[in-house]
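Comments concern the structure below.
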Amino acid sequence: MPWIDLTYTGGPQKASATVCTDEKNNDLFFIFGGYPYNSSFINQFDISKQQWINIISTGNAPTNRSSISCAKFNNGLISIFSGFNTTSIITNDLWIFNTLTLTWSLSNAADAPLFRWAYCAITLPDKNILYIGGKYDTNLYRPMNSLPLYNTKSDTWTTMSIFGPTPPDREFPSAVLTSDERIIIFGGYNNGTSFGDLWILDITKYQWSIGNILNPIVDLVLYRHTATLVDNYMIVAFGLFSENNMSSKIFMLDVSHKDSYRWVTEFTPNATTTTTTTISSNPISSNTISSDSKNVSLIIGAIIGAIIFLVIFVIAIILTLKFINKHNVLLKN
C-alpha cells in the first residue's frame, strides 16, 4: 500500500488532535483540538479536492483542548468529551458538532462521568458511545473495569461494569470495533510503563479477555499511536515506543479469528466485506476491488459467449451435413 504525499496541501501542524469523517461518504475529515492551543480548533480536509479549510464556528463552542477522541454517530453528528489543556481547567463537558451546519451544541446530560483525557471513544452499533481508559492527573488513571457509556438518543450517561480479567489502567491506547462486536485495544502507557498487550472487550456481554497473539513481535510496546480497522486488519501506525523514541512503522494485525490474532505483512482486500477506514486515498480501496470485479465479470462473460457461439456453430454444421446427406439420397432415388 504505497503512500500518497499530501504535504503540498498545507495542512495544520498540531499534535494530540483527533479526527472523524463525515456521515455520508467519508470524503471529509474533521480534525478537532490538539496543540498549540492558539491554532484553529477545527480543520477540515476534503479528500476529493485535496484541500484544507479552517472552520470558524459561531456561537457557543468548546474551549481549545488536546488528547481527546471524537466519535461520530447519527445524522452527521460528532461528539468530543473532556480533554486536556495546560492553561485552563477542562471539565467533564460533552460537545456535539453538527457537520452539516458546522455548529456546536453542549450536552445537558446529568451524571456525566469525571473528566479525563488520553482515552478512546468507540461508537457502538446502536450509536451509543463507550469511553475506554484515560487519566485525570499526572499519575492517576480511570479504571478499565468501569466504563462510561453515553446514550446519544436520550442524552444520558450510564456506567458499564465490565467482567473478566481487567486490563491495567492506561492512557493513549488504540481501539477499534469489529463487525462481530469486539472492541480490540492495543498498547498504551501507565506511569513510565509502555504496553504492548492486546485486550478484547466483548460488548455482547461486556467482558474483557486477553488477546492471544500467535506471533508476538519481540519488545513491541507502543502508545500515542493510531489504529484503523480495514476489512479484517487492524492497522497500527506511528506513536511512541518509549519517551522520546518515536515510531515511523506500520503494523497490521489479522483480527479475523476471535480466539487468536496474528501480525501480518501483506494486506489482502476482502471484496465481500465493507471497509471501515479513514484512509480513503489509499490505492487499495473499494474502488480498486470494484474495478477488479468488473474485469473478472467481463472475462467470464466473454468466455461464456464464446462457448455458446461454438455450440451453435457445431449444431449448425451437423444440421447442414444431415440436410446434404438427405438431399443426396433423394437424388440417387
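Starting from 1 in every chain, residues are counted up; chains themselves are A, B, ... following the order of the C-alpha cells, and ligands are numbered from 1 as listed.
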
Legend entry - Near-region 55-67 of chain A list (6 Å; only C-alpha atoms; drop same-chain fewer than 6 positions) as a list in words: Ser16, Ala17, Gly33, Gly34, Tyr37, Ile42, Asn43, Gly83, Phe84, Asn85, Thr103, Trp104, Trp117 and Ala118 of chain A

Inset, instruction - Extract, using only C-alpha atoms, all DNA, RNA and protein residues at most 7 Å from Gly76 (chain A), discarding same-chain residues fewer than 4 positions from it, and format them as a PyMOL selection string. - result: chain A and resi 22-23+98-100

Inset, instruction - If you run DSSP over the backbone, which residues in region 30-217 of chain A end up strand (DSSP E)? Put them as a VMD selection string. - result: chain A and resid 30 to 32 42 to 46 51 to 55 71 to 72 77 to 81 94 to 98 103 to 106 120 to 123 129 to 132 135 to 137 140 to 141 146 to 151 156 to 161 174 to 177 182 to 190 193 to 202 207 to 210

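Among A:Thr158, A:Asn232, A:Asn212, A:Asn151, the residue with the shortest atom-to-atom distance to Asp180 (chain A), counting only C-alpha atoms, is A:Asn232.
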
Inset, instruction - Could you tell me how far CA of Tyr233 (chain A) lies from CA of Asp254 (chain A), in Å and to one decimal? - result: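 The value is 4.8 Å.
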
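Every protein, DNA or RNA residue with an atom at most 8 Å from Phe29 (chain A), where only C-alpha atoms count and chain neighbours fewer than 4 positions away do not, is listed here: Val19, Cys20, Thr21, Asp22, Gln44, Phe45, Asp46 and Ile47 of chain A.
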
Selected residues written out with all heavy atoms, as a tab-separated table (two decimals), in the first residue's frame:
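The file below, selection09.tsv, is the result:
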```tsv
chain	number	residue	atom	x	y	z
A	19	VAL	N	-9.49	12.87	14.86
A	19	VAL	CA	-10.11	13.04	13.55
A	19	VAL	C	-11.30	12.10	13.39
A	19	VAL	O	-11.25	10.94	13.81
A	19	VAL	CB	-9.08	12.79	12.42
A	19	VAL	CG1	-8.47	11.40	12.53
A	19	VAL	CG2	-9.70	12.97	11.05
A	20	CYS	N	-12.37	12.63	12.80
A	20	CYS	CA	-13.54	11.83	12.42
A	20	CYS	C	-13.93	12.21	11.01
A	20	CYS	O	-13.68	13.34	10.56
A	20	CYS	CB	-14.71	12.08	13.37
A	20	CYS	SG	-14.59	11.25	14.97
A	21	THR	N	-14.57	11.27	10.30
A	21	THR	CA	-15.03	11.54	8.94
A	21	THR	C	-16.48	11.99	8.95
A	21	THR	O	-17.17	11.90	9.96
A	21	THR	CB	-14.88	10.28	8.07
A	21	THR	OG1	-15.63	9.22	8.67
A	21	THR	CG2	-13.42	9.87	7.95
A	22	ASP	N	-16.92	12.48	7.78
A	22	ASP	CA	-18.31	12.90	7.66
A	22	ASP	C	-19.22	11.69	7.57
A	22	ASP	O	-18.77	10.56	7.42
A	22	ASP	CB	-18.51	13.82	6.46
A	22	ASP	CG	-18.31	13.08	5.14
A	22	ASP	OD1	-17.40	12.24	5.09
A	22	ASP	OD2	-19.06	13.33	4.18
A	44	GLN	N	-10.77	21.10	8.44
A	44	GLN	CA	-11.47	20.15	7.56
A	44	GLN	C	-10.60	19.86	6.35
A	44	GLN	O	-10.01	20.77	5.77
A	44	GLN	CB	-12.80	20.73	7.12
A	44	GLN	CG	-13.55	19.86	6.11
A	44	GLN	CD	-14.79	20.55	5.58
A	44	GLN	OE1	-15.72	20.81	6.32
A	44	GLN	NE2	-14.79	20.88	4.29
A	45	PHE	N	-10.52	18.56	5.99
A	45	PHE	CA	-9.79	18.17	4.79
A	45	PHE	C	-10.74	17.48	3.83
A	45	PHE	O	-11.41	16.51	4.21
A	45	PHE	CB	-8.61	17.26	5.12
A	45	PHE	CG	-7.82	16.86	3.92
A	45	PHE	CD1	-7.11	17.80	3.19
A	45	PHE	CD2	-7.78	15.53	3.49
A	45	PHE	CE1	-6.38	17.44	2.07
A	45	PHE	CE2	-7.05	15.16	2.37
A	45	PHE	CZ	-6.35	16.13	1.66
A	46	ASP	N	-10.83	18.00	2.61
A	46	ASP	CA	-11.66	17.41	1.56
A	46	ASP	C	-10.78	16.51	0.71
A	46	ASP	O	-9.86	16.97	0.03
A	46	ASP	CB	-12.27	18.53	0.72
A	46	ASP	CG	-13.31	18.00	-0.26
A	46	ASP	OD1	-13.07	16.94	-0.88
A	46	ASP	OD2	-14.36	18.64	-0.44
A	47	ILE	N	-11.04	15.19	0.74
A	47	ILE	CA	-10.21	14.23	0.03
A	47	ILE	C	-10.32	14.41	-1.48
A	47	ILE	O	-9.32	14.39	-2.20
A	47	ILE	CB	-10.59	12.79	0.41
A	47	ILE	CG1	-10.30	12.54	1.89
A	47	ILE	CG2	-9.84	11.78	-0.44
A	47	ILE	CD1	-10.77	11.19	2.36
```

Closest atom pairs, region 119-218 of chain A residues within 9 Å of region 255-267 of chain A, only C-alpha atoms, as CSV:
```
residue,atom,partner,partner_atom,distance
A:Thr178,CA,A:Val255,CA,8.3
A:Arg182,CA,A:Lys258,CA,8.5
A:Ile184,CA,A:Val255,CA,8.8
A:Gly211,CA,A:Ser260,CA,6.8
A:Asn212,CA,A:Ser260,CA,5.0
A:Ile213,CA,A:Tyr261,CA,4.6
A:Leu214,CA,A:Arg262,CA,5.5
A:Asn215,CA,A:Arg262,CA,5.8
A:Pro216,CA,A:Trp263,CA,7.2
A:Ile217,CA,A:Trp263,CA,7.9
```

Inset, instruction - Would you please work out which residue, of A:Pro165, A:Gly196, A:Gly10, A:Pro125, is nearest to Leu177 (chain A) when using only C-alpha atoms? - result: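 Of all the options, A:Pro125 lies closest to Leu177 (chain A).
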
Inset, instruction - Using DSSP on the backbone coordinates, identify the residues of region 140-291 of chain A assigned to alpha helix (DSSP H); present them as a list of chain:residue names. - result: A:Ser286, A:Asn287, A:Thr288, A:Ile289, A:Ser290, A:Ser291

Go ahead and write the selection's residues with C-alpha atoms as a PDB file, in the first residue's frame.
```pdb
ATOM      1  CA  SER A 286     -13.211  -0.477  -2.616  1.00  0.00           C
ATOM      2  CA  ASN A 287     -12.903   1.292  -5.987  1.00  0.00           C
ATOM      3  CA  THR A 288      -9.991  -0.973  -6.922  1.00  0.00           C
ATOM      4  CA  ILE A 289     -11.910  -4.017  -5.739  1.00  0.00           C
ATOM      5  CA  SER A 290     -14.960  -2.993  -7.774  1.00  0.00           C
ATOM      6  CA  SER A 291     -12.799  -2.423 -10.856  1.00  0.00           C
TER       7      SER A 291
END
```

Inset, instruction - Would you list the contacts of Tyr189 (chain A) as a PyMOL selection string, taking every protein, DNA or RNA residue within 10 Å and counting only C-alpha atoms, but skipping same-chain residues closer than 5 positions in sequence? - result: chain A and resi 118+134+168-173+194-196+221-224+240-242

Legend entry - Two-atom distance - CA of Asn74 (chain A), CA of Lys127 (chain A) (Å):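 Answer for the CA of Asn74 (chain A) to CA of Lys127 (chain A) separation: 6.9 Å.
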
Inset, instruction - For CA of Cys70 (chain A) and CA of Ala175 (chain A), determine how far apart the two atoms are, in Å to one decimal place. - result: 12.4 Å

Please provide as a compact mmCIF listing (two decimals) with all heavy atoms, in the first residue's frame all residues within 9 Å of Ser107 (chain A), with the sequence filter that same-chain residues fewer than 5 positions apart are discarded (counting only C-alpha atoms).
```txt
# COMPACT_ATOMS: atom_id res chain seq x y z
N ASP A 93 -17.28 18.16 30.25
CA ASP A 93 -18.29 18.61 29.29
C ASP A 93 -18.28 17.74 28.04
O ASP A 93 -17.24 17.25 27.61
CB ASP A 93 -18.09 20.08 28.93
CG ASP A 93 -16.66 20.38 28.46
OD1 ASP A 93 -15.79 19.50 28.62
OD2 ASP A 93 -16.42 21.49 27.94
N LEU A 94 -19.45 17.55 27.46
CA LEU A 94 -19.58 16.81 26.21
C LEU A 94 -20.20 17.73 25.18
O LEU A 94 -21.30 18.26 25.38
CB LEU A 94 -20.43 15.55 26.38
CG LEU A 94 -20.52 14.67 25.12
CD1 LEU A 94 -20.39 13.20 25.49
CD2 LEU A 94 -21.83 14.90 24.36
N TRP A 95 -19.47 17.93 24.08
CA TRP A 95 -19.91 18.81 23.00
C TRP A 95 -20.25 17.99 21.77
O TRP A 95 -19.61 16.98 21.50
CB TRP A 95 -18.84 19.83 22.65
CG TRP A 95 -18.62 20.87 23.71
CD1 TRP A 95 -17.82 20.77 24.81
CD2 TRP A 95 -19.23 22.17 23.75
NE1 TRP A 95 -17.90 21.93 25.54
CE2 TRP A 95 -18.75 22.80 24.91
CE3 TRP A 95 -20.11 22.85 22.92
CZ2 TRP A 95 -19.14 24.09 25.26
CZ3 TRP A 95 -20.51 24.13 23.26
CH2 TRP A 95 -20.01 24.75 24.42
N ILE A 96 -21.25 18.45 21.02
CA ILE A 96 -21.68 17.76 19.79
C ILE A 96 -21.57 18.73 18.63
O ILE A 96 -22.13 19.84 18.67
CB ILE A 96 -23.11 17.24 19.93
CG1 ILE A 96 -23.18 16.20 21.06
CG2 ILE A 96 -23.59 16.62 18.62
CD1 ILE A 96 -24.58 15.72 21.38
N ASP A 155 -29.64 11.36 25.48
CA ASP A 155 -28.74 12.32 26.10
C ASP A 155 -28.57 12.02 27.60
O ASP A 155 -28.77 12.87 28.47
CB ASP A 155 -29.27 13.75 25.90
CG ASP A 155 -28.26 14.81 26.36
OD1 ASP A 155 -27.04 14.54 26.31
OD2 ASP A 155 -28.70 15.91 26.78
```

Inset, instruction - For each of A:Met1, A:Met246, A:Ile90, A:Ile31, take the minimum atom-to-atom distance to Leu114 (chain A), counting only C-alpha atoms, then give the residue where this is smallest. - result: A:Ile90

Legend entry - Selected residue, from A:Thr226, A:Asn75, A:Thr204, A:Ser248, that lies nearest to Gly188 (chain A) when counting only C-alpha atoms: A:Thr226

Legend entry - Surrounding residues of Ala227 (chain A) excluding itself and chain neighbours under 6 positions, 10 Å, only C-alpha atoms, as a list of chain:residue names: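 Selected residues are A:Pro173, A:Ser174, A:Ala175, A:Val176, A:Ile184, A:Ile185, A:Phe186, A:Tyr233, A:Met234, A:Ile235, A:Val236, A:Ala237, A:Phe238, A:Ile250, A:Phe251, A:Met252, A:Thr277, A:Thr278.
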
Only N, CA and C atoms, please: the residues just picked out, written as a PDB file, in the first residue's frame.
```pdb
ATOM      1  N   PRO A 173      -4.045   4.363  24.581  1.00  0.00           N
ATOM      2  CA  PRO A 173      -4.094   3.107  23.818  1.00  0.00           C
ATOM      3  C   PRO A 173      -4.759   3.381  22.473  1.00  0.00           C
ATOM      4  N   SER A 174      -4.884   2.350  21.647  1.00  0.00           N
ATOM      5  CA  SER A 174      -5.707   2.445  20.434  1.00  0.00           C
ATOM      6  C   SER A 174      -6.840   1.448  20.564  1.00  0.00           C
ATOM      7  N   ALA A 175      -7.922   1.698  19.844  1.00  0.00           N
ATOM      8  CA  ALA A 175      -9.082   0.812  19.924  1.00  0.00           C
ATOM      9  C   ALA A 175      -9.834   0.810  18.605  1.00  0.00           C
ATOM     10  N   VAL A 176     -10.314  -0.364  18.195  1.00  0.00           N
ATOM     11  CA  VAL A 176     -11.169  -0.497  17.009  1.00  0.00           C
ATOM     12  C   VAL A 176     -12.326  -1.423  17.353  1.00  0.00           C
ATOM     13  N   ILE A 184     -11.190  -4.100  20.213  1.00  0.00           N
ATOM     14  CA  ILE A 184      -9.818  -4.569  20.373  1.00  0.00           C
ATOM     15  C   ILE A 184      -8.946  -3.374  20.728  1.00  0.00           C
ATOM     16  N   ILE A 185      -8.271  -3.434  21.881  1.00  0.00           N
ATOM     17  CA  ILE A 185      -7.366  -2.351  22.251  1.00  0.00           C
ATOM     18  C   ILE A 185      -5.936  -2.887  22.263  1.00  0.00           C
ATOM     19  N   PHE A 186      -5.031  -2.014  21.865  1.00  0.00           N
ATOM     20  CA  PHE A 186      -3.615  -2.388  21.822  1.00  0.00           C
ATOM     21  C   PHE A 186      -2.779  -1.271  22.426  1.00  0.00           C
ATOM     22  N   TYR A 233      -8.272  -6.375   9.139  1.00  0.00           N
ATOM     23  CA  TYR A 233      -6.939  -5.974   9.579  1.00  0.00           C
ATOM     24  C   TYR A 233      -7.020  -4.728  10.459  1.00  0.00           C
ATOM     25  N   MET A 234      -6.347  -4.797  11.588  1.00  0.00           N
ATOM     26  CA  MET A 234      -6.173  -3.634  12.462  1.00  0.00           C
ATOM     27  C   MET A 234      -4.820  -3.019  12.105  1.00  0.00           C
ATOM     28  N   ILE A 235      -4.866  -1.857  11.461  1.00  0.00           N
ATOM     29  CA  ILE A 235      -3.645  -1.195  11.021  1.00  0.00           C
ATOM     30  C   ILE A 235      -3.194  -0.223  12.106  1.00  0.00           C
ATOM     31  N   VAL A 236      -2.037  -0.485  12.692  1.00  0.00           N
ATOM     32  CA  VAL A 236      -1.491   0.294  13.799  1.00  0.00           C
ATOM     33  C   VAL A 236      -0.349   1.150  13.263  1.00  0.00           C
ATOM     34  N   ALA A 237      -0.402   2.461  13.513  1.00  0.00           N
ATOM     35  CA  ALA A 237       0.567   3.363  12.888  1.00  0.00           C
ATOM     36  C   ALA A 237       1.170   4.336  13.898  1.00  0.00           C
ATOM     37  N   PHE A 238       2.478   4.574  13.722  1.00  0.00           N
ATOM     38  CA  PHE A 238       3.227   5.632  14.408  1.00  0.00           C
ATOM     39  C   PHE A 238       3.182   5.493  15.936  1.00  0.00           C
ATOM     40  N   ILE A 250       4.496   0.895  10.453  1.00  0.00           N
ATOM     41  CA  ILE A 250       3.113   0.456  10.293  1.00  0.00           C
ATOM     42  C   ILE A 250       3.054  -1.035  10.627  1.00  0.00           C
ATOM     43  N   PHE A 251       2.132  -1.408  11.499  1.00  0.00           N
ATOM     44  CA  PHE A 251       1.927  -2.817  11.844  1.00  0.00           C
ATOM     45  C   PHE A 251       0.505  -3.210  11.454  1.00  0.00           C
ATOM     46  N   MET A 252       0.322  -4.459  11.021  1.00  0.00           N
ATOM     47  CA  MET A 252      -1.009  -4.957  10.671  1.00  0.00           C
ATOM     48  C   MET A 252      -1.314  -6.236  11.434  1.00  0.00           C
ATOM     49  N   THR A 277     -12.547   2.506   7.176  1.00  0.00           N
ATOM     50  CA  THR A 277     -11.214   3.101   7.152  1.00  0.00           C
ATOM     51  C   THR A 277     -11.281   4.599   6.993  1.00  0.00           C
ATOM     52  N   THR A 278     -10.297   5.279   7.526  1.00  0.00           N
ATOM     53  CA  THR A 278     -10.164   6.709   7.297  1.00  0.00           C
ATOM     54  C   THR A 278      -9.085   6.995   6.282  1.00  0.00           C
TER      55      THR A 278
END
```
